[in-house]
Amino acid sequence: MTASTAEPVARASVPVKLLGIVLAGAAVSVALGVYGRVHDPTGEKPYTLFFSDTINFKVWFATAAVFLAAVQVLLALRLYGKVHIPRTSPPWLGDAHRLTGIVAFGLTLPVAYQCLWALGFQSTDTRVLFHSLLGCFFFGVFTIKVLAVRTHGLPSWLLPIVGGTVFATLVLIWLTSAVWFWREFGFPSF
Amino acid sequence: MSFKRLVNVVEVVAGVAALVFIIALFANQPSGGGAASAAKSGPGYDVYVSNCARCHGQEGQGGIGPQLAGQVTTDFPDAKEEEAFVRAGRDGMPSFAGQLSPTEIQDVVAYTRTELNK
């Protein structure tokens with residue numbers, strides 16, 4: 001009797017974990033969207049780092065983040081055995097996968113900060129609205145991925161799907177910002 | 001230091017950086033004068049604050065978009081030219097034809113050429 005009552009509880013824990021993780025990600029996305037909408041955009045350039053202008057730094061940082069994210073996806077494909085180059089998987093591959101993801105995330109932070117603080121959530125045209133929505137969604141789904149990595153007992157299909165979604169979202173954000181900028185204004189200087 | 005440990009350190013640094021940026025979103029105040037903005041009012045001002053200030057700055061000092069204060073009447077000697085620019089958009093500035101009514105565009109252009117241009 002005891003075993004039969006304990007079993008459903010154990011099975012139910014996975015959906016509960018999933019729900020908790022998804023709700024946490026959704027909360028991050030919504031919080032960013034609300035901040036971007038409620039906060040008065042300053043229209044200022046808080047920093048340019050070592051670039052000649054804020055927009056140049058944003059374009060290059062976003063591009064570097066996408067590049068590292070692409071490397072991370074390739075490393076994940078090797079970890080999951082979907083590609084076989086190199087033939088023998090080196091022991092540091094998992095850590096390299098983590099490192100590229102962390103650095104890519106770190107590169108998105110100053111860009112996202114400038115977007116939120118100086119520009120806010122905008123809907124002046126389709127591209128801008130799409131970019132604003134994707135920006136909020138990205139950090140939500142990134143939160144889901146981080147929590148999913150650290151939560152045991154989740155289905156094995158979850159991480160590839162969430163990781164792929166994070167990557168696809170980042171690429172779309174990049175297409176609606178950095179690539180758009182290249183097409184409108186030409187390749188940016190440093 | 002092993003590679004794994006290095007990755008752990010970088011992860012902690014990224015986590016702290018994320019926290020710092022979140023705090024800065026609320027703590028960092030714009031350098032533009034809020035008091036001067038508060039003194040201004042009118043329909044053109046309201047349209048400007050809602051639609052233009054995020055790129056051109058609260059005081060028209062420029063930001064992501066170019067400076068307007070002290071500059072806009074030089075760039076657009078005729079107000080009709082400026083209104084057409086706002087309607088159509090160009091060089092990275094979006095079109096506001098679908099966002100603002102003709103009256104709102106006239107109001108905001110008048111505001112940029114008078115109070116903001118002082």
# chains A, B, ... in the order shown; residues from 1 in each chain; ligands from 1

call {"tool": "residues_around", "arguments": {"residues": "Ile173 (chain A)", "least_positions_apart": "5", "cutoff": "8 Å", "atoms": "only C-alpha atoms", "output": "number ranges by chain"}}
result
A: 131, 134-135

call {"tool": "residues_around", "arguments": {"residues": "Asn8 (chain B)", "least_positions_apart": "5", "cutoff": "10 Å", "atoms": "only C-alpha atoms", "output": "list of chain:residue names"}}
result
A:Asp95, A:Arg98, A:Leu99, A:Ile102, B:Ser2, B:Phe3, B:Val13, B:Ala14

call {"tool": "closest_atom_pairs", "arguments": {"of": "region 71-189 of chain A", "to": "region 94-117 of chain B", "cutoff": "10 Å", "atoms": "only C-alpha atoms", "output": "CSV"}}
result
residue,atom,partner,partner_atom,distance
A:Ser123,CA,B:Gln99,CA,9.3
A:Thr124,CA,B:Pro94,CA,6.7
A:Asp125,CA,B:Pro94,CA,6.9
A:Arg127,CA,B:Pro94,CA,9.9
A:Val128,CA,B:Pro94,CA,9.0

call {"tool": "write_last_selection", "arguments": {"atoms": "C-alpha atoms", "output": "PDB file, in the first residue's frame"}}
result
ATOM      1  CA  SER A 123       6.683  48.686 -30.935  1.00  0.00           C
ATOM      2  CA  THR A 124       7.312  51.414 -33.503  1.00  0.00           C
ATOM      3  CA  ASP A 125       7.438  48.888 -36.357  1.00  0.00           C
ATOM      4  CA  ARG A 127      11.053  44.590 -36.646  1.00  0.00           C
ATOM      5  CA  VAL A 128      11.371  46.594 -33.452  1.00  0.00           C
TER       6      VAL A 128
END

call {"tool": "select_by_dssp", "arguments": {"residues": "region 20-154 of chain A", "states": "alpha helix (DSSP H)", "output": "PyMOL selection string"}}
result
chain A and resi 20-38+54-79+93-114+126-150

call {"tool": "interface_residues", "arguments": {"of": "chain B", "to": "chain A", "cutoff": "8 Å", "atoms": "only C-alpha atoms", "output": "PyMOL selection string"}}
result
chain B and resi 3-4+7+10-11+14+17-18+21+25+30+53-58+62-64+91-92+94-96+99

call {"tool": "residues_around", "arguments": {"residues": "region 145-156 of chain A", "least_positions_apart": "4", "cutoff": "8 Å", "atoms": "only C-alpha atoms", "output": "list in words"}}
result
Val14, Lys17, Leu18, Ile21, Val141, Pro160, Val162, Gly163 and Val166 of chain A

call {"tool": "write_last_selection", "arguments": {"atoms": "C-alpha atoms", "output": "PDB file, in the first residue's frame"}}
result
ATOM      1  CA  VAL A  14       8.724  15.685 -13.010  1.00  0.00           C
ATOM      2  CA  LYS A  17       9.622  20.457 -11.721  1.00  0.00           C
ATOM      3  CA  LEU A  18       8.957  21.283 -15.355  1.00  0.00           C
ATOM      4  CA  ILE A  21      11.151  25.849 -14.315  1.00  0.00           C
ATOM      5  CA  VAL A 141      14.229  30.632 -22.070  1.00  0.00           C
ATOM      6  CA  PRO A 160      18.303  19.801 -26.558  1.00  0.00           C
ATOM      7  CA  VAL A 162      15.485  24.301 -24.738  1.00  0.00           C
ATOM      8  CA  GLY A 163      19.102  24.759 -25.856  1.00  0.00           C
ATOM      9  CA  VAL A 166      17.862  29.589 -26.845  1.00  0.00           C
TER      10      VAL A 166
END

call {"tool": "closest_residue", "arguments": {"among": "A:Val38, A:Ser177, A:Ile85, A:Leu74", "to": "Ser50 (chain B)", "atoms": "only C-alpha atoms"}}
result
A:Val38

call {"tool": "closest_residue", "arguments": {"among": "B:Ala88, B:Lys118, B:Gly42, B:Ala79", "to": "Gln61 (chain B)", "atoms": "only C-alpha atoms"}}
result
B:Lys118

call {"tool": "atom_distance", "arguments": {"atom1": "CA of Phe142 (chain A)", "atom2": "CA of Val28 (chain A)"}}
result
9.5 Å

call {"tool": "atom_distance", "arguments": {"atom1": "CA of Val171 (chain A)", "atom2": "CA of Ser29 (chain A)"}}
result
17.4 Å
